[in-house]
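protein.cif (mmCIF, C-alpha atoms)
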```cif
data_final
#
loop_
_atom_site.group_PDB
_atom_site.id
_atom_site.type_symbol
_atom_site.label_atom_id
_atom_site.label_comp_id
_atom_site.auth_asym_id
_atom_site.auth_seq_id
_atom_site.Cartn_x
_atom_site.Cartn_y
_atom_site.Cartn_z
ATOM 1 C CA MET A 1 1.217 -19.400 17.068
ATOM 2 C CA GLN A 2 0.480 -23.025 17.837
ATOM 3 C CA LYS A 3 -1.881 -25.102 15.710
ATOM 4 C CA SER A 4 -4.467 -25.417 18.508
ATOM 5 C CA SER A 5 -4.639 -21.627 18.896
ATOM 6 C CA ARG A 6 -5.133 -21.154 15.151
ATOM 7 C CA LEU A 7 -7.839 -23.811 15.065
ATOM 8 C CA ALA A 8 -9.578 -22.262 18.053
ATOM 9 C CA ILE A 9 -9.598 -18.844 16.372
ATOM 10 C CA PHE A 10 -10.939 -20.276 13.108
ATOM 11 C CA ALA A 11 -13.648 -22.232 14.950
ATOM 12 C CA LEU A 12 -14.686 -19.211 17.030
ATOM 13 C CA LEU A 13 -14.865 -16.991 13.946
ATOM 14 C CA GLU A 14 -16.959 -19.601 12.178
ATOM 15 C CA LEU A 15 -19.386 -19.807 15.108
ATOM 16 C CA ALA A 16 -19.392 -16.101 16.038
ATOM 17 C CA SER A 17 -20.254 -15.110 12.459
ATOM 18 C CA ASP A 18 -23.726 -16.482 13.189
ATOM 19 C CA PRO A 19 -24.279 -17.100 16.909
ATOM 20 C CA GLU A 20 -27.684 -18.716 16.252
ATOM 21 C CA ARG A 21 -26.155 -21.399 14.066
ATOM 22 C CA GLN A 22 -25.017 -24.782 15.355
ATOM 23 C CA VAL A 23 -21.982 -26.183 13.634
ATOM 24 C CA SER A 24 -20.571 -29.677 14.010
ATOM 25 C CA VAL A 25 -16.912 -30.387 14.651
ATOM 26 C CA SER A 26 -16.684 -32.286 11.364
ATOM 27 C CA GLU A 27 -18.023 -29.288 9.398
ATOM 28 C CA ILE A 28 -15.369 -27.001 10.842
ATOM 29 C CA GLY A 29 -12.707 -29.685 10.474
ATOM 30 C CA GLU A 30 -13.561 -30.171 6.819
ATOM 31 C CA LYS A 31 -13.432 -26.446 6.089
ATOM 32 C CA TYR A 32 -9.966 -26.029 7.609
ATOM 33 C CA GLY A 33 -8.605 -29.456 6.711
ATOM 34 C CA VAL A 34 -8.009 -30.731 10.239
ATOM 35 C CA SER A 35 -8.946 -33.920 12.012
ATOM 36 C CA SER A 36 -12.134 -33.955 14.056
ATOM 37 C CA HIS A 37 -10.174 -35.585 16.858
ATOM 38 C CA HIS A 38 -7.809 -32.616 17.230
ATOM 39 C CA LEU A 39 -10.624 -30.122 16.817
ATOM 40 C CA ALA A 40 -12.767 -31.870 19.450
ATOM 41 C CA LYS A 41 -10.042 -31.269 22.035
ATOM 42 C CA VAL A 42 -9.869 -27.612 21.034
ATOM 43 C CA MET A 43 -13.653 -27.246 21.283
ATOM 44 C CA HIS A 44 -13.612 -28.849 24.709
ATOM 45 C CA THR A 45 -11.155 -26.194 25.927
ATOM 46 C CA LEU A 46 -13.262 -23.425 24.392
ATOM 47 C CA GLY A 47 -16.339 -24.879 26.084
ATOM 48 C CA ARG A 48 -14.665 -24.866 29.477
ATOM 49 C CA ALA A 49 -13.743 -21.221 28.905
ATOM 50 C CA GLY A 50 -17.411 -20.408 28.205
ATOM 51 C CA LEU A 51 -16.768 -19.357 24.625
ATOM 52 C CA VAL A 52 -18.790 -22.119 22.971
ATOM 53 C CA ARG A 53 -21.832 -24.122 23.967
ATOM 54 C CA SER A 54 -22.196 -27.772 23.054
ATOM 55 C CA ILE A 55 -25.591 -28.937 21.825
ATOM 56 C CA ARG A 56 -26.178 -32.664 21.964
ATOM 57 C CA GLY A 57 -28.419 -34.824 19.832
ATOM 58 C CA VAL A 58 -29.345 -34.969 16.170
ATOM 59 C CA GLY A 59 -28.336 -31.779 14.420
ATOM 60 C CA GLY A 60 -26.270 -30.848 17.447
ATOM 61 C CA GLY A 61 -22.862 -29.301 17.454
ATOM 62 C CA TYR A 62 -21.480 -26.106 18.857
ATOM 63 C CA SER A 63 -22.679 -22.532 18.991
ATOM 64 C CA PHE A 64 -20.918 -19.355 20.086
ATOM 65 C CA SER A 65 -21.609 -18.265 23.650
ATOM 66 C CA GLY A 66 -18.984 -15.574 24.239
ATOM 67 C CA ASN A 67 -19.005 -11.821 23.661
ATOM 68 C CA ALA A 68 -17.392 -11.223 20.280
ATOM 69 C CA ARG A 69 -16.815 -7.546 21.101
ATOM 70 C CA ARG A 70 -14.858 -8.429 24.214
ATOM 71 C CA VAL A 71 -12.927 -11.624 23.446
ATOM 72 C CA THR A 72 -9.527 -10.857 21.939
ATOM 73 C CA LEU A 73 -7.133 -13.049 19.996
ATOM 74 C CA LEU A 74 -4.811 -12.949 23.009
ATOM 75 C CA ASP A 75 -7.605 -14.295 25.232
ATOM 76 C CA VAL A 76 -8.021 -17.260 22.896
ATOM 77 C CA ILE A 77 -4.310 -17.927 22.453
ATOM 78 C CA GLY A 78 -3.864 -17.784 26.222
ATOM 79 C CA LEU A 79 -6.134 -20.816 26.555
ATOM 80 C CA PHE A 80 -3.721 -22.956 24.551
ATOM 81 C CA GLU A 81 -0.243 -21.633 25.096
ATOM 82 C CA ASP A 82 1.951 -19.818 27.551
ATOM 83 C CA VAL A 83 1.683 -16.073 27.008
ATOM 84 C CA SER A 84 3.838 -15.055 29.949
ATOM 85 C CA PRO A 85 6.707 -12.596 29.282
ATOM 86 C CA ALA A 86 9.478 -13.762 26.946
ATOM 87 C CA CYS A 87 12.083 -13.099 29.627
ATOM 88 C CA GLU A 88 11.892 -13.526 33.366
ATOM 89 C CA PRO A 89 13.151 -10.591 35.464
ATOM 90 C CA LEU A 90 16.964 -10.744 35.483
ATOM 91 C CA ASP A 91 19.184 -10.214 38.481
ATOM 92 C CA LEU A 92 22.327 -8.084 38.696
ATOM 93 C CA ALA A 93 24.608 -11.065 38.042
ATOM 94 C CA THR A 94 23.076 -11.784 34.611
ATOM 95 C CA PRO A 95 25.578 -11.085 31.808
ATOM 96 C CA ALA A 96 24.942 -7.831 29.938
ATOM 97 C CA ALA A 97 24.584 -9.684 26.618
ATOM 98 C CA GLU A 98 21.729 -11.741 28.043
ATOM 99 C CA LYS A 99 20.070 -8.594 29.386
ATOM 100 C CA ALA A 100 20.417 -6.881 25.998
ATOM 101 C CA LEU A 101 18.906 -9.850 24.157
ATOM 102 C CA CYS A 102 16.140 -10.049 26.727
ATOM 103 C CA GLN A 103 15.366 -6.364 26.111
ATOM 104 C CA VAL A 104 14.922 -7.038 22.388
ATOM 105 C CA LEU A 105 12.737 -10.101 22.984
ATOM 106 C CA ALA A 106 10.623 -8.203 25.507
ATOM 107 C CA GLU A 107 10.102 -5.422 22.957
ATOM 108 C CA ILE A 108 8.857 -7.910 20.349
ATOM 109 C CA ASP A 109 6.730 -9.657 22.952
ATOM 110 C CA ASP A 110 5.124 -6.373 24.074
ATOM 111 C CA ILE A 111 4.225 -5.387 20.517
ATOM 112 C CA ALA A 112 2.798 -8.832 19.740
ATOM 113 C CA LYS A 113 0.696 -8.828 22.905
ATOM 114 C CA ALA A 114 -0.532 -5.276 22.363
ATOM 115 C CA THR A 115 -1.630 -6.280 18.861
ATOM 116 C CA LEU A 116 -3.265 -9.581 19.761
ATOM 117 C CA GLY A 117 -4.856 -8.064 22.864
ATOM 118 C CA ALA A 118 -6.503 -5.282 20.864
ATOM 119 C CA ILE A 119 -8.097 -7.382 18.158
ATOM 120 C CA THR A 120 -11.459 -8.789 19.164
ATOM 121 C CA LEU A 121 -13.394 -11.514 17.385
ATOM 122 C CA ALA A 122 -15.838 -8.812 16.231
ATOM 123 C CA THR A 123 -12.944 -6.889 14.661
ATOM 124 C CA MET A 124 -11.735 -10.084 12.966
ATOM 125 C CA LEU A 125 -15.217 -10.648 11.532
ATOM 126 C CA LYS A 126 -15.213 -7.070 10.214
ATOM 127 C CA ASN A 127 -11.764 -7.632 8.689
ATOM 128 C CA ILE A 128 -12.981 -10.842 7.032
ATOM 129 C CA ARG A 129 -15.930 -8.957 5.516
ATOM 130 C CA ARG A 130 -13.584 -6.199 4.267
ATOM 131 C CA ILE A 131 -11.305 -8.778 2.629
ATOM 132 C CA GLU A 132 -14.272 -10.546 1.037
ATOM 133 C CA GLN A 133 -15.700 -7.253 -0.247
ATOM 134 C CA ARG A 134 -12.323 -6.238 -1.670
ATOM 135 C CA SER A 135 -11.962 -9.621 -3.422
ATOM 136 C CA ALA A 136 -15.497 -9.383 -4.799
ATOM 137 C CA ALA A 137 -14.847 -5.855 -6.081
ATOM 138 C CA ARG A 138 -11.618 -6.986 -7.780
ATOM 139 C CA THR A 139 -13.367 -9.935 -9.369
ATOM 140 C CA THR A 140 -16.167 -7.686 -10.647
ATOM 141 C CA ALA A 141 -13.648 -5.174 -11.977
ATOM 142 C CA ALA A 142 -11.698 -7.944 -13.723
ATOM 143 C CA ASP A 143 -14.919 -9.330 -15.216
ATOM 144 C CA ASP A 144 -15.912 -5.842 -16.403
ATOM 145 C CA ASP A 145 -12.471 -5.332 -17.959
ATOM 146 C CA ALA A 146 -12.710 -8.662 -19.744
ATOM 147 C CA ALA A 147 -16.212 -7.868 -20.985
ATOM 148 C CA THR A 148 -15.298 -4.427 -22.314
ATOM 149 C CA ALA A 149 -11.900 -5.331 -23.741
ATOM 150 C CA ASP A 150 -11.749 -4.760 -27.477
ATOM 151 C CA PRO A 151 -10.595 -8.052 -28.992
ATOM 152 C CA ARG A 152 -9.032 -6.169 -31.922
ATOM 153 C CA THR A 153 -6.544 -4.358 -29.625
ATOM 154 C CA GLY A 154 -6.077 -7.093 -27.060
ATOM 155 C CA PRO A 155 -2.942 -9.219 -26.832
ATOM 156 C CA GLY A 156 -2.793 -12.207 -29.112
ATOM 157 C CA MET B 1 -23.433 2.921 28.697
ATOM 158 C CA ALA B 2 -26.257 1.949 26.379
ATOM 159 C CA ASP B 3 -26.903 -1.602 25.286
ATOM 160 C CA SER B 4 -25.935 -2.674 21.814
ATOM 161 C CA GLN B 5 -29.518 -2.478 20.498
ATOM 162 C CA THR B 6 -29.793 1.254 21.097
ATOM 163 C CA ALA B 7 -26.177 1.956 20.266
ATOM 164 C CA GLY B 8 -26.444 2.241 16.505
ATOM 165 C CA ALA B 9 -29.583 4.382 16.589
ATOM 166 C CA LEU B 10 -28.186 6.905 19.056
ATOM 167 C CA GLY B 11 -24.910 7.045 17.201
ATOM 168 C CA GLN B 12 -26.820 8.114 14.106
ATOM 169 C CA GLN B 13 -28.695 10.894 15.906
ATOM 170 C CA ILE B 14 -25.657 12.862 16.991
ATOM 171 C CA SER B 15 -24.236 15.572 14.820
ATOM 172 C CA ILE B 16 -20.613 16.021 13.866
ATOM 173 C CA ARG B 17 -19.348 19.515 13.139
ATOM 174 C CA ARG B 18 -16.245 21.644 13.329
ATOM 175 C CA ALA B 19 -15.339 22.936 16.776
ATOM 176 C CA VAL B 20 -16.160 26.537 17.611
ATOM 177 C CA PHE B 21 -14.812 28.715 20.404
ATOM 178 C CA ASP B 22 -17.749 27.888 22.696
ATOM 179 C CA ASP B 23 -16.734 24.204 22.613
ATOM 180 C CA LEU B 24 -13.313 24.851 24.084
ATOM 181 C CA ASP B 25 -14.285 24.633 27.754
ATOM 182 C CA ARG B 26 -16.263 21.438 27.144
ATOM 183 C CA VAL B 27 -13.406 19.839 25.200
ATOM 184 C CA THR B 28 -10.972 20.801 27.963
ATOM 185 C CA ALA B 29 -13.332 19.399 30.607
ATOM 186 C CA LEU B 30 -13.905 16.125 28.731
ATOM 187 C CA ASP B 31 -10.176 15.613 28.273
ATOM 188 C CA ALA B 32 -9.583 16.371 31.956
ATOM 189 C CA ARG B 33 -12.238 13.841 32.965
ATOM 190 C CA VAL B 34 -10.761 11.148 30.741
ATOM 191 C CA THR B 35 -7.056 11.758 31.371
ATOM 192 C CA GLY B 36 -7.272 13.102 34.929
ATOM 193 C CA LEU B 37 -5.214 16.124 33.920
ATOM 194 C CA ALA B 38 -6.597 19.568 33.063
ATOM 195 C CA LYS B 39 -4.626 21.273 30.271
ATOM 196 C CA PRO B 40 -6.481 24.504 29.412
ATOM 197 C CA ASP B 41 -3.447 26.212 27.839
ATOM 198 C CA TYR B 42 -2.770 23.218 25.615
ATOM 199 C CA TRP B 43 -6.358 23.084 24.387
ATOM 200 C CA GLN B 44 -6.469 26.833 23.791
ATOM 201 C CA ASP B 45 -3.353 26.472 21.642
ATOM 202 C CA ILE B 46 -4.801 23.457 19.799
ATOM 203 C CA PHE B 47 -8.004 25.369 19.129
ATOM 204 C CA ASP B 48 -6.085 28.365 17.764
ATOM 205 C CA ARG B 49 -4.010 26.151 15.479
ATOM 206 C CA TYR B 50 -6.540 23.590 14.328
ATOM 207 C CA ALA B 51 -9.914 25.305 14.411
ATOM 208 C CA THR B 52 -9.077 28.699 13.002
ATOM 209 C CA ARG B 53 -6.379 28.307 10.329
ATOM 210 C CA ARG B 54 -5.775 26.195 7.196
ATOM 211 C CA LEU B 55 -9.150 24.560 7.623
ATOM 212 C CA ASP B 56 -8.889 22.739 4.307
ATOM 213 C CA GLU B 57 -6.309 20.418 5.877
ATOM 214 C CA ARG B 58 -6.931 20.733 9.611
ATOM 215 C CA PHE B 59 -9.995 19.155 11.190
ATOM 216 C CA PHE B 60 -11.041 19.750 14.785
ATOM 217 C CA LEU B 61 -14.412 17.996 14.944
ATOM 218 C CA VAL B 62 -16.840 17.558 17.805
ATOM 219 C CA ALA B 63 -19.779 15.199 18.308
ATOM 220 C CA GLU B 64 -22.863 16.740 19.806
ATOM 221 C CA SER B 65 -26.033 15.169 21.149
ATOM 222 C CA PRO B 66 -29.361 16.187 19.601
ATOM 223 C CA ALA B 67 -30.900 18.949 21.720
ATOM 224 C CA ASP B 68 -34.193 17.132 22.240
ATOM 225 C CA THR B 69 -32.626 14.059 23.872
ATOM 226 C CA ALA B 70 -30.387 15.947 26.280
ATOM 227 C CA ALA B 71 -31.528 16.481 29.866
ATOM 228 C CA ASP B 72 -31.516 20.225 29.321
ATOM 229 C CA ALA B 73 -32.015 22.169 26.112
ATOM 230 C CA THR B 74 -28.280 22.554 25.483
ATOM 231 C CA PRO B 75 -26.757 19.871 23.261
ATOM 232 C CA LYS B 76 -24.016 17.961 25.017
ATOM 233 C CA LEU B 77 -20.513 17.574 23.671
ATOM 234 C CA LEU B 78 -19.992 13.813 23.477
ATOM 235 C CA GLY B 79 -16.585 13.556 21.902
ATOM 236 C CA PHE B 80 -14.004 15.058 19.615
ATOM 237 C CA ILE B 81 -11.377 14.087 17.071
ATOM 238 C CA ILE B 82 -8.564 16.208 15.682
ATOM 239 C CA GLY B 83 -6.394 15.573 12.690
ATOM 240 C CA GLU B 84 -4.456 17.270 9.952
ATOM 241 C CA VAL B 85 -2.812 16.553 6.645
ATOM 242 C CA ARG B 86 0.936 16.191 7.111
ATOM 243 C CA GLY B 87 3.296 15.666 4.240
ATOM 244 C CA TRP B 88 6.878 14.498 3.896
ATOM 245 C CA GLU B 89 7.566 13.888 7.560
ATOM 246 C CA PHE B 90 9.916 10.898 7.764
ATOM 247 C CA GLY B 91 9.785 10.739 3.977
ATOM 248 C CA SER B 92 6.070 9.939 3.974
ATOM 249 C CA GLU B 93 3.761 11.168 1.267
ATOM 250 C CA PRO B 94 0.985 13.415 2.607
ATOM 251 C CA CYS B 95 -1.278 11.483 4.957
ATOM 252 C CA GLY B 96 -4.012 12.257 7.464
ATOM 253 C CA TRP B 97 -2.765 12.264 11.035
ATOM 254 C CA VAL B 98 -5.254 11.841 13.863
ATOM 255 C CA PHE B 99 -3.576 13.048 17.037
ATOM 256 C CA ALA B 100 -6.444 13.551 19.493
ATOM 257 C CA PHE B 101 -9.572 11.525 20.049
ATOM 258 C CA SER B 102 -11.927 11.176 22.969
ATOM 259 C CA VAL B 103 -15.486 10.092 23.693
ATOM 260 C CA GLU B 104 -17.491 10.883 26.815
ATOM 261 C CA PRO B 105 -17.071 7.722 28.989
ATOM 262 C CA GLU B 106 -20.806 7.611 29.789
ATOM 263 C CA THR B 107 -21.701 7.423 26.130
ATOM 264 C CA ARG B 108 -19.186 4.907 24.824
ATOM 265 C CA LEU B 109 -20.383 2.020 22.635
ATOM 266 C CA LEU B 110 -23.065 4.235 21.076
ATOM 267 C CA GLY B 111 -21.233 4.572 17.786
ATOM 268 C CA ILE B 112 -20.049 8.135 18.528
ATOM 269 C CA GLY B 113 -16.374 7.307 18.030
ATOM 270 C CA GLU B 114 -17.203 5.601 14.754
ATOM 271 C CA ARG B 115 -19.137 8.651 13.541
ATOM 272 C CA LEU B 116 -16.189 10.925 14.380
ATOM 273 C CA PHE B 117 -13.768 8.522 12.719
ATOM 274 C CA ASP B 118 -15.909 8.206 9.585
ATOM 275 C CA ASP B 119 -16.356 11.963 9.352
ATOM 276 C CA ILE B 120 -12.677 12.812 9.579
ATOM 277 C CA SER B 121 -11.894 9.953 7.144
ATOM 278 C CA ALA B 122 -14.293 11.487 4.620
ATOM 279 C CA ARG B 123 -12.727 14.936 5.071
ATOM 280 C CA PHE B 124 -9.223 13.537 4.558
ATOM 281 C CA ARG B 125 -10.434 11.671 1.470
ATOM 282 C CA ALA B 126 -12.008 14.871 0.120
ATOM 283 C CA ALA B 127 -8.638 16.575 0.650
ATOM 284 C CA GLY B 128 -7.049 13.978 -1.632
ATOM 285 C CA ILE B 129 -5.555 11.858 1.132
ATOM 286 C CA ARG B 130 -5.462 8.081 0.799
ATOM 287 C CA THR B 131 -3.847 7.026 4.103
ATOM 288 C CA MET B 132 -4.776 7.892 7.640
ATOM 289 C CA ARG B 133 -2.453 7.388 10.622
ATOM 290 C CA THR B 134 -2.497 7.666 14.343
ATOM 291 C CA MET B 135 -0.382 6.624 17.303
ATOM 292 C CA VAL B 136 -1.697 4.738 20.314
ATOM 293 C CA ALA B 137 -0.015 3.888 23.604
ATOM 294 C CA ARG B 138 0.649 0.155 23.655
ATOM 295 C CA ASP B 139 -1.260 -0.266 26.902
ATOM 296 C CA ASN B 140 -4.232 1.846 25.806
ATOM 297 C CA GLN B 141 -6.392 -1.118 24.941
ATOM 298 C CA LEU B 142 -9.531 0.971 24.579
ATOM 299 C CA HIS B 143 -8.174 3.148 21.778
ATOM 300 C CA MET B 144 -6.134 0.329 20.276
ATOM 301 C CA ALA B 145 -9.218 -1.906 20.027
ATOM 302 C CA PHE B 146 -11.299 0.959 18.619
ATOM 303 C CA PHE B 147 -8.868 1.892 15.846
ATOM 304 C CA ARG B 148 -8.375 -1.785 15.007
ATOM 305 C CA SER B 149 -12.130 -2.251 14.733
ATOM 306 C CA GLU B 150 -12.182 0.633 12.267
ATOM 307 C CA GLY B 151 -9.746 -1.245 10.048
ATOM 308 C CA MET B 152 -6.488 0.425 11.080
ATOM 309 C CA VAL B 153 -3.429 -1.831 11.003
ATOM 310 C CA ALA B 154 0.254 -1.421 11.847
ATOM 311 C CA GLY B 155 1.823 0.928 9.323
ATOM 312 C CA PRO B 156 5.234 0.894 7.674
ATOM 313 C CA TYR B 157 6.867 3.056 10.358
ATOM 314 C CA ILE B 158 8.002 2.066 13.838
ATOM 315 C CA GLN B 159 8.170 4.659 16.557
ATOM 316 C CA LEU B 160 11.544 4.690 18.361
ATOM 317 C CA GLU B 161 12.607 6.587 21.436
ATOM 318 C CA LYS B 162 15.480 6.893 23.849
ATOM 319 C CA SER B 163 15.527 7.882 27.467
ATOM 320 C CA LEU B 164 17.825 10.875 27.867
ATOM 321 C CA ASP B 165 18.346 10.079 31.527
ATOM 322 C CA ASP B 166 20.499 6.996 30.753
#
```
Could the structure of this file be written out as structure tokens, please?
Amino acid sequence: MQKSSRLAIFALLELASDPERQVSVSEIGEKYGVSSHHLAKVMHTLGRAGLVRSIRGVGGGYSFSGNARRVTLLDVIGLFEDVSPACEPLDLATPAAEKALCQVLAEIDDIAKATLGAITLATMLKNIRRIEQRSAARTTAADDDAATADPRTGPG
Amino acid sequence: MADSQTAGALGQQISIRRAVFDDLDRVTALDARVTGLAKPDYWQDIFDRYATRRLDERFFLVAESPADTAADATPKLLGFIIGEVRGWEFGSEPCGWVFAFSVEPETRLLGIGERLFDDISARFRAAGIRTMRTMVARDNQLHMAFFRSEGMVAGPYIQLEKSLDD
């Protein structure tokens, strides 16, 4: 996946997590460690696609204007890179080895597209929450273990 | 389809229960409407196998509308999900397999699928199962997106096939 696609997905997730919120390019850039210049180009493309709305003036920035339950990762990636089939249709004269390799690449391509095309921004936000909850639970469990550990039987 | 504001509330009002014989015609009809193919013999067989025997590890569940919100007094069947505990196939430890799932097209996005999914998940968990699996056609974006939204991810197995006509 190209850098622009990744940035676009991160920016959309940031904005879609709270559609009422306006976020500046520099805020998003800082969070993901990318230049505002590169991110501005990405946001411009997302704006043209109707996925974000630009708000001018003091306190302006961008807000989410798409449908998080409908927009998939493949939709976003398709704005920045070529998602056409890995192999063009081959004619009879194509060597068998090329056809066989093409078959393998097409298989990988189909699976990747089916995956990216089925994961919406809303699903990504749910996955992020699950990961955060799991991390929080592990941290709490580790803290509890540390608190209840008997120093007389502990290592060292 | 309902808007998203009413979706959650309606999804909570439906009831999920095990299928009984009287549901069979409605399950068959719903599947025929969704797939465009009526398979009464198949569904009779599925009912016999999954709704009448080894019920501690076989779950044929239906979602039903509350009687008071239906147009007539009879609750409507709004969806179904079927799964069973399968162990040691392909070397896998026992897991919960979901092999049939459908929601009435008119009532999608109301949270009915999620209620069915949550219910069968809880039953698998109560049966001691820690992993749930299903299989989805690559081009079935509706089901693929639904199962993904419920947290399902690609598992450690890859389905392979071969055309026997070649």
Could you name the residues that touch region 5-20 of chain A at 9 Å or less, counting all atoms listed in the file, but leaving out those on the same chain fewer than 2 positions away, as an MDAnalysis selection string?
-> chainID A and resid 1:3 22:23 25 28:29 32 34 39 42:43 45:46 51:52 62:68 73 76:81 121:122 124:125
Applied to the shown file, which residues does the PyMOL selection byres ((chain B) within 12 of (chain A)) return, written as an MDAnalysis selection string?
-> chainID B and resid 4 109 136:154 158:160
Atoms kept (C-alpha atoms) for selection, written as a PDB file, in the coordinates of the input:
```pdb
ATOM      1  CA  SER B   4     -25.935  -2.674  21.814  1.00  0.00           C
ATOM      2  CA  LEU B 109     -20.383   2.020  22.635  1.00  0.00           C
ATOM      3  CA  VAL B 136      -1.697   4.738  20.314  1.00  0.00           C
ATOM      4  CA  ALA B 137      -0.015   3.888  23.604  1.00  0.00           C
ATOM      5  CA  ARG B 138       0.649   0.155  23.655  1.00  0.00           C
ATOM      6  CA  ASP B 139      -1.260  -0.266  26.902  1.00  0.00           C
ATOM      7  CA  ASN B 140      -4.232   1.846  25.806  1.00  0.00           C
ATOM      8  CA  GLN B 141      -6.392  -1.118  24.941  1.00  0.00           C
ATOM      9  CA  LEU B 142      -9.531   0.971  24.579  1.00  0.00           C
ATOM     10  CA  HIS B 143      -8.174   3.148  21.778  1.00  0.00           C
ATOM     11  CA  MET B 144      -6.134   0.329  20.276  1.00  0.00           C
ATOM     12  CA  ALA B 145      -9.218  -1.906  20.027  1.00  0.00           C
ATOM     13  CA  PHE B 146     -11.299   0.959  18.619  1.00  0.00           C
ATOM     14  CA  PHE B 147      -8.868   1.892  15.846  1.00  0.00           C
ATOM     15  CA  ARG B 148      -8.375  -1.785  15.007  1.00  0.00           C
ATOM     16  CA  SER B 149     -12.130  -2.251  14.733  1.00  0.00           C
ATOM     17  CA  GLU B 150     -12.182   0.633  12.267  1.00  0.00           C
ATOM     18  CA  GLY B 151      -9.746  -1.245  10.048  1.00  0.00           C
ATOM     19  CA  MET B 152      -6.488   0.425  11.080  1.00  0.00           C
ATOM     20  CA  VAL B 153      -3.429  -1.831  11.003  1.00  0.00           C
ATOM     21  CA  ALA B 154       0.254  -1.421  11.847  1.00  0.00           C
ATOM     22  CA  ILE B 158       8.002   2.066  13.838  1.00  0.00           C
ATOM     23  CA  GLN B 159       8.170   4.659  16.557  1.00  0.00           C
ATOM     24  CA  LEU B 160      11.544   4.690  18.361  1.00  0.00           C
TER      25      LEU B 160
END
```
Who sits within 9 Å of Gln103 (chain A), only C-alpha atoms, same chain under 5 positions skipped, as a ChimeraX atom specification | /A:87,98,108
Would you kindly translate the PyMOL selection byres ((chain B and resi 106) around 12) into the concrete residues it picks from this file, as number ranges by chain?
-> B: 1-3, 30, 33-34, 76-79, 102-105, 107-110, 112
Using all atoms listed in the file, collect all residues at a distance of at most 8 Å from (-13.5, 25.7, 19.0) as written in the file, then present them as a PyMOL selection string.
-> chain B and resi 18-24+47-48+51+60
How many Å separate CA of Arg21 (chain A) from CA of Glu132 (chain A)?
->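 Between these atoms lies a distance of 20.7 Å.
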Separation of CA of Ala149 (chain A) from CA of Ala137 (chain A) in Å =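 Computing the Euclidean distance for CA of Ala137 (chain A) and CA of Ala149 (chain A) yields 17.9 Å.
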Å distance separating CA of Thr74 (chain B) from CA of Phe101 (chain B), one decimal place =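 If I compute the distance from CA of Thr74 (chain B) to CA of Phe101 (chain B), I get 22.4 Å.
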Residues matched by the PyMOL selection byres ((chain B and resi 83-88) around 6) as a ChimeraX atom specification = /B:57-59,82,89,91-99
